[in-house]
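Structure record follows, encoded as C-alpha cells.
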Amino acid sequence: QIKNVKEIVSSGGMGVNPAANPGCGGKHLSPRDFHQALSDASPEDTIVIDVRNRWEYALGHFKTKNLTAIDPDTKTYSEFKRWVDKESDKLKEKKVLMYCTGGIRCETASAYLKKKGASQVSQLSGGIHQYLEEFGSDGFFKGKNFVFDQRVALGPKGCESVGHCALCNVSFDDFDPGTVCTVCRDPVLVCHVCRKNDAYKEWYCKDHMALRGYYFTFLGRFSEKELNEQKAKLAEMHTAIKKGKKHKNRRRTLARQIDKINARLKEIEQEGKAPSTKPCLPSSSPSSSSSPQSLPIPPCRTCGKQGCDGKCWGFWAGRARTWKRREAEKDSSSVREGKEGPKEGMLAKKQRPN
C-alpha cells in the first residue's frame with residue numbers, strides 16, 4: 001500500500017520542507033568528511049547532536065577523545081523541536097554536526113536548526129549506516145546502530161558495548177521484545193540476571209522508573225491491601241504533579257491507572273475473596289528477597305497472551321514470521337523429498353566420483 005504523506009517521520013510541527021526547498025537544510029558531509037570534522041572538532045567551538053531517540057542513543061553514539069554526542073533525550077522525533085527551541089541560543093554560537101540512522105531525520109532537523117538561527121550546520125550524509133560501512137570499528141561511532149527492521153541493531157565486528165541495564169547498570173546492549181516499559185511500551189535494556197531475578201517481570205523506561213513498584217499492568221496478582229497501597233501512592237504522585245498542559249499526560253496516566261485499580265477492587269469485592277497468589281508489595285522497588293518462582297509469569301505486555309515472549313509486535317513479529325516461513329519451507333521440502341526421493345541433479349552429484 002502506497003500513501004501520500006507530508007513527512008516520512010513526523011517532525012512535531014517544525015514547519016520546514018527540505019523537499020520543496022532543497023537549500024534550507026544543513027551541509028551534507030560524506031562519511032569521510034564527517035570523520036575528519038569530528039577529528040578536528042573541539043568542545044569550545046563544535047557540538048555534535050544525535051537526532052535519534054534516547055533508546056537508540058543508549059545502544060550507540062559518536063564519541064571522540066574530546067567530544068561525546070549530545071543526547072536530546074527524546075522519546076520520539078516529534079519532541080526534537082522542543083529541545084531545539086530550548087537550546088537554540090547555545091546552538092547559534094557553535095558549529096553543529098548532526099547525524100541519525102540513515103539521514104532522513106537530519107533533513108528536517110538541520111533545516112529547523114538553521115531556521116532558529118544556527119548558521120554552521122552540517123549533517124552526516126547516509127547516516128550512521130553509511131559511516132559504519134566505511135569505517136567499521138575503526139571510526140568514532142561506538143556501540144550498535146539501532147535499525148527499524150528484523151535485524152534490530154547492527155554493529156561492526158568487535159564493537160564495544162555502550163549500553164547499560166536500566167536496573168543494575170551493568171554493561172548490556174541487547175534489546176529484547178519482552179522487556180518493554182509496562183507504561184508506554186518503549187524498549188528497555190534489562191540484563192539477563194535482572195530479568196531472572198525480578199519478581200514481577202514488569203519493566204520501566206527512564207520516564208516511568210519512578211512508578212516501579214506501584215504501577216502494574218497485570219493487577220490480578222495482588223491482594224486488596226496491596227492494591228490499596230498502590231492506589232494511595234499513585235494518588236500522592238498525581239497530587240504532586242504541577243497543573244498545566246505540559247503535565248497533562250502524566251496526570252492522565254496516573255488517573256487511568258487509579259481507575260483500573262478501583263475496577264479491580266470492585267471485582268474483588270464482588271468475588272468476595274482475594275486472589276490466591278499474594279506477592280509482597282515493595283516499598284520503592286521489587287524486594288531482592290522476593291522469589292521469582294513464587295509469582296506467576298505475567299502475560300505478554302503487547303498481546304496479552306500467556307507464554308508469549310514478546311515477538312508478536314513490530315520488527316520482532318516480522319522476524320518471527322520469517323523464521324516460521326523458513327521452517328515451514330524446510331518441512332515441506334523434507335516431505336516432498338521423502339515422497340519423491342532426491343532430485344536427479346542431487347542424485348547425480350552424490351554418485352559423482354571424487
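Scheme for the C-alpha cells: letters A, B, ... for chains in order shown; per-chain residue numbers from 1; ligand numbers from 1 in order shown.
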
Next item on the list: Would you return as number ranges by chain the members of stretch 32-238 of chain A that DSSP assigns to strand (DSSP E) on this structure's backbone?
Entry: A: 46-50, 60-62, 95-99, 121-124, 141-143, 145-146, 153-154

Quick one: residues within 6 Å of A:Gly60, only C-alpha atoms counted, chain neighbours fewer than 2 positions away excluded, as a compact mmCIF listing (two decimals) with N, CA, C and O atoms, in the first residue's frame?
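As a result, around_33.txt now contains:
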```txt
# COMPACT_ATOMS: atom_id res chain seq x y z
N TYR A 57 20.09 6.05 21.15
CA TYR A 57 21.36 6.60 21.64
C TYR A 57 21.99 5.66 22.66
O TYR A 57 23.22 5.51 22.71
N ALA A 58 21.15 5.02 23.46
CA ALA A 58 21.67 4.15 24.53
C ALA A 58 22.48 2.99 23.97
O ALA A 58 23.40 2.51 24.62
N LYS A 142 30.64 4.44 18.48
CA LYS A 142 30.83 3.39 19.49
C LYS A 142 29.50 2.70 19.77
O LYS A 142 28.49 3.34 19.98
N GLY A 143 29.53 1.37 19.78
CA GLY A 143 28.33 0.61 20.07
C GLY A 143 27.62 0.12 18.82
O GLY A 143 28.24 -0.08 17.77
N LYS A 144 26.30 -0.03 18.92
CA LYS A 144 25.49 -0.56 17.83
C LYS A 144 24.54 0.49 17.29
O LYS A 144 24.15 1.42 17.99
N ASN A 145 24.17 0.31 16.03
CA ASN A 145 23.22 1.20 15.37
C ASN A 145 21.85 0.53 15.37
O ASN A 145 21.68 -0.55 14.79
```

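Residues in contact with stretch 154-160 of chain A at up to 10 Å, not including ones fewer than 2 positions away on its chain and judged by only C-alpha atoms, are Leu59, Gly60, His129, Leu132, Glu133, Phe135, Gly136, Ser137, Asp138, Gly139, Phe141, Lys142, Gly143, Lys144, Asn145, Phe146, Val147, Arg151, Val152, Val162, Gly163, Ser171 and Asp173 of chain A.
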
Write a file of the just-selected residues containing N, CA and C atoms, as a PDB file, in the first residue's frame.
```
ATOM      1  N   LEU A  59      22.154   2.543  22.761  1.00  0.00           N
ATOM      2  CA  LEU A  59      22.878   1.418  22.166  1.00  0.00           C
ATOM      3  C   LEU A  59      24.187   1.834  21.528  1.00  0.00           C
ATOM      4  N   GLY A  60      24.251   3.067  21.025  1.00  0.00           N
ATOM      5  CA  GLY A  60      25.467   3.510  20.354  1.00  0.00           C
ATOM      6  C   GLY A  60      25.398   4.968  19.953  1.00  0.00           C
ATOM      7  N   HIS A 129      24.565   4.393   9.143  1.00  0.00           N
ATOM      8  CA  HIS A 129      24.650   3.194   8.314  1.00  0.00           C
ATOM      9  C   HIS A 129      25.825   3.269   7.337  1.00  0.00           C
ATOM     10  N   LEU A 132      29.364   3.436   9.142  1.00  0.00           N
ATOM     11  CA  LEU A 132      29.868   2.134   9.597  1.00  0.00           C
ATOM     12  C   LEU A 132      30.343   1.282   8.431  1.00  0.00           C
ATOM     13  N   GLU A 133      29.687   1.417   7.289  1.00  0.00           N
ATOM     14  CA  GLU A 133      30.136   0.668   6.116  1.00  0.00           C
ATOM     15  C   GLU A 133      31.554   1.072   5.714  1.00  0.00           C
ATOM     16  N   PHE A 135      33.896   2.879   7.852  1.00  0.00           N
ATOM     17  CA  PHE A 135      34.906   2.886   8.918  1.00  0.00           C
ATOM     18  C   PHE A 135      34.822   1.683   9.863  1.00  0.00           C
ATOM     19  N   GLY A 136      33.651   1.069   9.980  1.00  0.00           N
ATOM     20  CA  GLY A 136      33.521  -0.063  10.893  1.00  0.00           C
ATOM     21  C   GLY A 136      33.917   0.296  12.317  1.00  0.00           C
ATOM     22  N   SER A 137      34.622  -0.598  12.982  1.00  0.00           N
ATOM     23  CA  SER A 137      35.024  -0.364  14.372  1.00  0.00           C
ATOM     24  C   SER A 137      36.213   0.584  14.492  1.00  0.00           C
ATOM     25  N   ASP A 138      36.783   1.009  13.355  1.00  0.00           N
ATOM     26  CA  ASP A 138      37.917   1.943  13.390  1.00  0.00           C
ATOM     27  C   ASP A 138      37.473   3.399  13.452  1.00  0.00           C
ATOM     28  N   GLY A 139      36.163   3.635  13.355  1.00  0.00           N
ATOM     29  CA  GLY A 139      35.662   5.008  13.369  1.00  0.00           C
ATOM     30  C   GLY A 139      35.332   5.497  14.762  1.00  0.00           C
ATOM     31  N   PHE A 141      32.175   5.992  15.845  1.00  0.00           N
ATOM     32  CA  PHE A 141      30.877   5.524  16.349  1.00  0.00           C
ATOM     33  C   PHE A 141      31.115   4.329  17.259  1.00  0.00           C
ATOM     34  N   LYS A 142      30.641   4.438  18.481  1.00  0.00           N
ATOM     35  CA  LYS A 142      30.829   3.393  19.490  1.00  0.00           C
ATOM     36  C   LYS A 142      29.498   2.696  19.767  1.00  0.00           C
ATOM     37  N   GLY A 143      29.534   1.371  19.780  1.00  0.00           N
ATOM     38  CA  GLY A 143      28.330   0.605  20.074  1.00  0.00           C
ATOM     39  C   GLY A 143      27.625   0.125  18.817  1.00  0.00           C
ATOM     40  N   LYS A 144      26.302  -0.033  18.922  1.00  0.00           N
ATOM     41  CA  LYS A 144      25.490  -0.561  17.833  1.00  0.00           C
ATOM     42  C   LYS A 144      24.538   0.493  17.287  1.00  0.00           C
ATOM     43  N   ASN A 145      24.171   0.315  16.032  1.00  0.00           N
ATOM     44  CA  ASN A 145      23.218   1.197  15.370  1.00  0.00           C
ATOM     45  C   ASN A 145      21.853   0.525  15.373  1.00  0.00           C
ATOM     46  N   PHE A 146      20.873   1.150  16.028  1.00  0.00           N
ATOM     47  CA  PHE A 146      19.520   0.598  16.064  1.00  0.00           C
ATOM     48  C   PHE A 146      18.873   0.788  14.698  1.00  0.00           C
ATOM     49  N   VAL A 147      18.341  -0.292  14.133  1.00  0.00           N
ATOM     50  CA  VAL A 147      17.678  -0.222  12.831  1.00  0.00           C
ATOM     51  C   VAL A 147      16.247  -0.731  12.989  1.00  0.00           C
ATOM     52  N   ARG A 151      16.531  -6.925  11.948  1.00  0.00           N
ATOM     53  CA  ARG A 151      17.891  -7.052  12.488  1.00  0.00           C
ATOM     54  C   ARG A 151      18.039  -6.374  13.840  1.00  0.00           C
ATOM     55  N   VAL A 152      17.158  -5.451  14.167  1.00  0.00           N
ATOM     56  CA  VAL A 152      17.081  -4.708  15.436  1.00  0.00           C
ATOM     57  C   VAL A 152      18.276  -3.776  15.639  1.00  0.00           C
ATOM     58  N   VAL A 162      28.155  -0.035  24.716  1.00  0.00           N
ATOM     59  CA  VAL A 162      28.000   1.237  25.441  1.00  0.00           C
ATOM     60  C   VAL A 162      26.679   1.282  26.224  1.00  0.00           C
ATOM     61  N   GLY A 163      25.796   0.301  25.985  1.00  0.00           N
ATOM     62  CA  GLY A 163      24.522   0.270  26.692  1.00  0.00           C
ATOM     63  C   GLY A 163      24.668  -0.258  28.105  1.00  0.00           C
ATOM     64  N   SER A 171      27.062  -3.396  32.004  1.00  0.00           N
ATOM     65  CA  SER A 171      27.166  -3.230  30.556  1.00  0.00           C
ATOM     66  C   SER A 171      26.268  -4.239  29.837  1.00  0.00           C
ATOM     67  N   ASP A 173      23.680  -4.484  25.976  1.00  0.00           N
ATOM     68  CA  ASP A 173      23.167  -3.756  24.801  1.00  0.00           C
ATOM     69  C   ASP A 173      22.261  -4.609  23.922  1.00  0.00           C
TER      70      ASP A 173
END
```

Next item on the list: Going by DSSP on the backbone, which bits of stretch 88-140 of chain A are helix (DSSP H, G or I)? Write them as a ChimeraX atom specification, please.
Entry: /A:88-92,104-115,127-138

Note to self: Quick one: residues within 10 Å of stretch 227-244 of chain A, only C-alpha atoms, excluding same-chain residues fewer than 5 positions away - as a list of chain:residue names?
What the structure shows: A:Ala210, A:Leu211, A:Gly213, A:Tyr214, A:Tyr215, A:Phe216, A:Leu219, A:Gly220, A:Arg221, A:Phe222, A:Arg250, A:Arg251, A:Arg252, A:Thr253, A:Leu254, A:Ala255, A:Gln257, A:Ile258, A:Asp259, A:Lys260, A:Ile261, A:Asn262, A:Arg264, A:Leu265, A:Leu281, A:Pro282, A:Ser283

Any chance you could export the current selection's N, CA, C and O atoms as a CSV table (one decimal), in the first residue's frame?
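File produced: out11.csv:
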```csv
chain,number,residue,atom,x,y,z
A,210,ALA,N,10.1,6.0,38.2
A,210,ALA,CA,9.6,6.4,39.5
A,210,ALA,C,8.3,5.6,39.8
A,210,ALA,O,7.9,5.5,41.0
A,211,LEU,N,7.7,5.0,38.8
A,211,LEU,CA,6.5,4.2,39.1
A,211,LEU,C,6.7,2.8,39.4
A,211,LEU,O,5.8,2.0,39.7
A,213,GLY,N,7.2,-0.5,41.1
A,213,GLY,CA,6.7,-0.9,42.4
A,213,GLY,C,5.3,-0.5,42.7
A,213,GLY,O,4.7,-1.0,43.7
A,214,TYR,N,4.8,0.4,41.9
A,214,TYR,CA,3.4,0.9,42.2
A,214,TYR,C,2.5,0.9,41.0
A,214,TYR,O,1.3,0.9,41.1
A,215,TYR,N,3.0,0.8,39.8
A,215,TYR,CA,2.3,0.8,38.6
A,215,TYR,C,2.5,-0.6,37.9
A,215,TYR,O,3.6,-0.9,37.5
A,216,PHE,N,1.4,-1.4,37.8
A,216,PHE,CA,1.5,-2.7,37.2
A,216,PHE,C,0.4,-2.9,36.1
A,216,PHE,O,-0.8,-2.4,36.3
A,219,LEU,N,-3.0,-6.7,37.3
A,219,LEU,CA,-3.4,-6.4,38.7
A,219,LEU,C,-4.0,-7.6,39.4
A,219,LEU,O,-4.2,-7.6,40.6
A,220,GLY,N,-4.2,-8.7,38.6
A,220,GLY,CA,-4.9,-9.9,39.2
A,220,GLY,C,-4.0,-10.6,40.2
A,220,GLY,O,-4.5,-11.5,40.9
A,221,ARG,N,-2.7,-10.2,40.3
A,221,ARG,CA,-1.8,-10.9,41.2
A,221,ARG,C,-1.8,-10.4,42.6
A,221,ARG,O,-1.1,-10.9,43.5
A,222,PHE,N,-2.5,-9.2,42.8
A,222,PHE,CA,-2.4,-8.5,44.0
A,222,PHE,C,-3.6,-8.6,44.9
A,222,PHE,O,-4.7,-8.7,44.4
A,250,ARG,N,1.0,13.1,32.1
A,250,ARG,CA,1.5,12.3,33.3
A,250,ARG,C,0.3,12.2,34.2
A,250,ARG,O,0.1,11.1,34.8
A,251,ARG,N,-0.5,13.3,34.4
A,251,ARG,CA,-1.6,13.2,35.3
A,251,ARG,C,-2.7,12.2,34.8
A,251,ARG,O,-3.2,11.4,35.5
A,252,ARG,N,-2.8,12.2,33.5
A,252,ARG,CA,-3.8,11.3,32.8
A,252,ARG,C,-3.4,9.8,33.0
A,252,ARG,O,-4.2,8.9,33.3
A,253,THR,N,-2.1,9.5,32.9
A,253,THR,CA,-1.5,8.2,33.0
A,253,THR,C,-1.8,7.7,34.4
A,253,THR,O,-2.3,6.5,34.6
A,254,LEU,N,-1.6,8.5,35.4
A,254,LEU,CA,-1.8,8.1,36.8
A,254,LEU,C,-3.3,7.9,37.1
A,254,LEU,O,-3.7,7.0,37.8
A,255,ALA,N,-4.1,8.8,36.6
A,255,ALA,CA,-5.6,8.8,36.8
A,255,ALA,C,-6.2,7.5,36.2
A,255,ALA,O,-7.0,6.9,36.8
A,257,GLN,N,-4.6,4.7,35.7
A,257,GLN,CA,-4.2,3.5,36.5
A,257,GLN,C,-5.0,3.4,37.8
A,257,GLN,O,-5.3,2.3,38.2
A,258,ILE,N,-5.2,4.5,38.4
A,258,ILE,CA,-6.1,4.5,39.6
A,258,ILE,C,-7.5,4.0,39.3
A,258,ILE,O,-8.0,3.2,40.1
A,259,ASP,N,-8.0,4.4,38.1
A,259,ASP,CA,-9.3,3.8,37.7
A,259,ASP,C,-9.3,2.3,37.5
A,259,ASP,O,-10.2,1.6,37.9
A,260,LYS,N,-8.2,1.8,37.0
A,260,LYS,CA,-8.0,0.4,36.8
A,260,LYS,C,-7.9,-0.4,38.1
A,260,LYS,O,-8.5,-1.4,38.3
A,261,ILE,N,-7.2,0.2,39.1
A,261,ILE,CA,-7.1,-0.4,40.4
A,261,ILE,C,-8.5,-0.4,41.1
A,261,ILE,O,-8.9,-1.4,41.7
A,262,ASN,N,-9.2,0.7,40.9
A,262,ASN,CA,-10.6,0.8,41.5
A,262,ASN,C,-11.5,-0.3,40.9
A,262,ASN,O,-12.3,-1.0,41.6
A,264,ARG,N,-10.5,-3.2,39.6
A,264,ARG,CA,-10.0,-4.5,40.2
A,264,ARG,C,-10.5,-4.7,41.6
A,264,ARG,O,-10.9,-5.8,42.0
A,265,LEU,N,-10.5,-3.6,42.4
A,265,LEU,CA,-11.0,-3.7,43.8
A,265,LEU,C,-12.5,-4.0,43.8
A,265,LEU,O,-13.0,-4.8,44.7
A,281,LEU,N,4.2,-6.4,48.2
A,281,LEU,CA,4.4,-5.2,47.5
A,281,LEU,C,5.6,-4.5,48.0
A,281,LEU,O,5.8,-4.3,49.2
A,282,PRO,N,6.6,-4.1,47.2
A,282,PRO,CA,7.8,-3.4,47.6
A,282,PRO,C,7.5,-2.0,48.0
A,282,PRO,O,6.5,-1.4,47.5
A,283,SER,N,8.3,-1.4,48.8
A,283,SER,CA,8.1,0.0,49.2
A,283,SER,C,8.6,0.9,48.1
A,283,SER,O,7.9,2.0,47.9
```

Check: Quick one: residues within 10 Å of A:Thr179, only C-alpha atoms counted, chain neighbours fewer than 4 positions away excluded, as a PyMOL selection string?
Finding: chain A and resi 175+185-191+195+201-205+300-301+309-310

Can you spit out the residues from that selection as a compact mmCIF listing (two decimals), in the first residue's frame, using N, CA and C atoms?
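Once everything was written out, this is selection.txt:
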```txt
# COMPACT_ATOMS: atom_id res chain seq x y z
N PHE A 175 18.45 -5.34 23.17
CA PHE A 175 17.03 -5.09 23.35
C PHE A 175 16.25 -6.39 23.12
N ARG A 185 5.48 1.15 26.70
CA ARG A 185 5.97 0.13 25.76
C ARG A 185 7.22 0.54 24.99
N ASP A 186 7.96 1.52 25.46
CA ASP A 186 9.27 1.80 24.90
C ASP A 186 10.23 0.67 25.25
N PRO A 187 11.17 0.33 24.34
CA PRO A 187 12.15 -0.71 24.68
C PRO A 187 13.00 -0.32 25.89
N VAL A 188 13.30 -1.29 26.74
CA VAL A 188 14.10 -1.05 27.95
C VAL A 188 15.23 -2.08 27.98
N LEU A 189 16.45 -1.62 28.23
CA LEU A 189 17.58 -2.53 28.36
C LEU A 189 17.56 -3.17 29.76
N VAL A 190 17.35 -4.47 29.80
CA VAL A 190 17.35 -5.21 31.07
C VAL A 190 18.21 -6.44 30.88
N CYS A 191 19.26 -6.58 31.69
CA CYS A 191 20.19 -7.70 31.54
C CYS A 191 19.51 -9.01 31.93
N ARG A 195 16.39 -9.85 34.58
CA ARG A 195 15.16 -10.45 34.06
C ARG A 195 14.78 -11.68 34.89
N LYS A 201 8.41 -9.09 36.76
CA LYS A 201 8.61 -9.18 35.31
C LYS A 201 7.88 -8.05 34.58
N GLU A 202 7.87 -6.88 35.18
CA GLU A 202 7.37 -5.68 34.51
C GLU A 202 8.46 -4.63 34.57
N TRP A 203 8.67 -3.92 33.44
CA TRP A 203 9.85 -3.06 33.29
C TRP A 203 9.44 -1.61 33.07
N TYR A 204 10.38 -0.70 33.28
CA TYR A 204 10.06 0.72 33.26
C TYR A 204 11.17 1.50 32.55
N CYS A 205 10.77 2.39 31.65
CA CYS A 205 11.73 3.23 30.95
C CYS A 205 12.16 4.38 31.85
N CYS A 300 2.01 -11.53 28.00
CA CYS A 300 2.74 -10.56 27.16
C CYS A 300 2.14 -9.17 27.33
N ARG A 301 2.99 -8.17 27.49
CA ARG A 301 2.52 -6.79 27.67
C ARG A 301 1.81 -6.28 26.42
N ASP A 309 6.60 -14.55 24.15
CA ASP A 309 7.89 -13.97 24.51
C ASP A 309 8.06 -12.54 24.04
N GLY A 310 6.99 -11.94 23.54
CA GLY A 310 7.05 -10.55 23.10
C GLY A 310 7.31 -10.37 21.62
```

Next item on the list: Write out as a PyMOL selection string each polymer residue whose atoms come within 10 Å of stretch 50-54 of chain A, counting only C-alpha atoms; drop sequence neighbours fewer than 2 positions from it.
Entry: chain A and resi 48+56-59+61-62+68-80+97-101+103+105-106+109-110+146+206

Checklist line | Test item: residues at most 12 Å from A:Asn21, only C-alpha atoms, excluding those fewer than 6 positions along its chain, as an MDAnalysis selection string | finding: chainID A and resid 15 107:108 111

File of the preceding selection, all heavy atoms, as an mmCIF file, in the first residue's frame:
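Full text of result_25.cif as output:
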```
data_model
loop_
_atom_site.group_PDB
_atom_site.id
_atom_site.type_symbol
_atom_site.label_atom_id
_atom_site.label_comp_id
_atom_site.auth_asym_id
_atom_site.auth_seq_id
_atom_site.Cartn_x
_atom_site.Cartn_y
_atom_site.Cartn_z
ATOM 1 N N GLY A 15 7.695 22.997 10.646
ATOM 2 C CA GLY A 15 7.352 23.984 9.622
ATOM 3 C C GLY A 15 8.420 24.192 8.574
ATOM 4 O O GLY A 15 8.561 25.290 8.033
ATOM 5 N N GLU A 107 17.353 15.726 7.703
ATOM 6 C CA GLU A 107 16.921 16.663 6.671
ATOM 7 C C GLU A 107 16.069 17.777 7.269
ATOM 8 O O GLU A 107 16.315 18.961 7.032
ATOM 9 C CB GLU A 107 16.155 15.927 5.566
ATOM 10 C CG GLU A 107 16.985 14.939 4.770
ATOM 11 C CD GLU A 107 18.099 15.621 3.987
ATOM 12 O OE1 GLU A 107 17.939 16.792 3.601
ATOM 13 O OE2 GLU A 107 19.140 14.982 3.768
ATOM 14 N N THR A 108 15.046 17.402 8.043
ATOM 15 C CA THR A 108 14.199 18.415 8.671
ATOM 16 C C THR A 108 14.870 19.024 9.904
ATOM 17 O O THR A 108 14.721 20.209 10.182
ATOM 18 C CB THR A 108 12.838 17.819 9.070
ATOM 19 O OG1 THR A 108 13.048 16.598 9.803
ATOM 20 C CG2 THR A 108 11.997 17.533 7.841
ATOM 21 N N ALA A 111 17.354 21.705 8.865
ATOM 22 C CA ALA A 111 16.632 22.864 8.335
ATOM 23 C C ALA A 111 16.013 23.678 9.472
ATOM 24 O O ALA A 111 16.016 24.919 9.448
ATOM 25 C CB ALA A 111 15.553 22.404 7.367
#
```

Next item on the list: Go through A:Ala199, A:Met209, A:Ile49, A:Ile8 and flag the residue nearest A:Val183, using only C-alpha atoms for the distances.
Entry: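 Distance minimum relative to A:Val183 lands on A:Met209.
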
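Going from atom CA of A:Asn197 over to atom CA of A:Arg212, you cover 15.0 Å.
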
Next item on the list: Figure out the distance between atom CA of A:Gly25 and atom CA of A:Leu113, please, to one decimal in Å.
Entry: 8.4 Å

Notebook entry, point to check: How many Å lie between atom CA of A:Lys90 and atom CA of A:Gly117, rounded to one decimal?
Noted result: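 Separating atom CA of A:Lys90 from atom CA of A:Gly117 is a distance of 10.1 Å.
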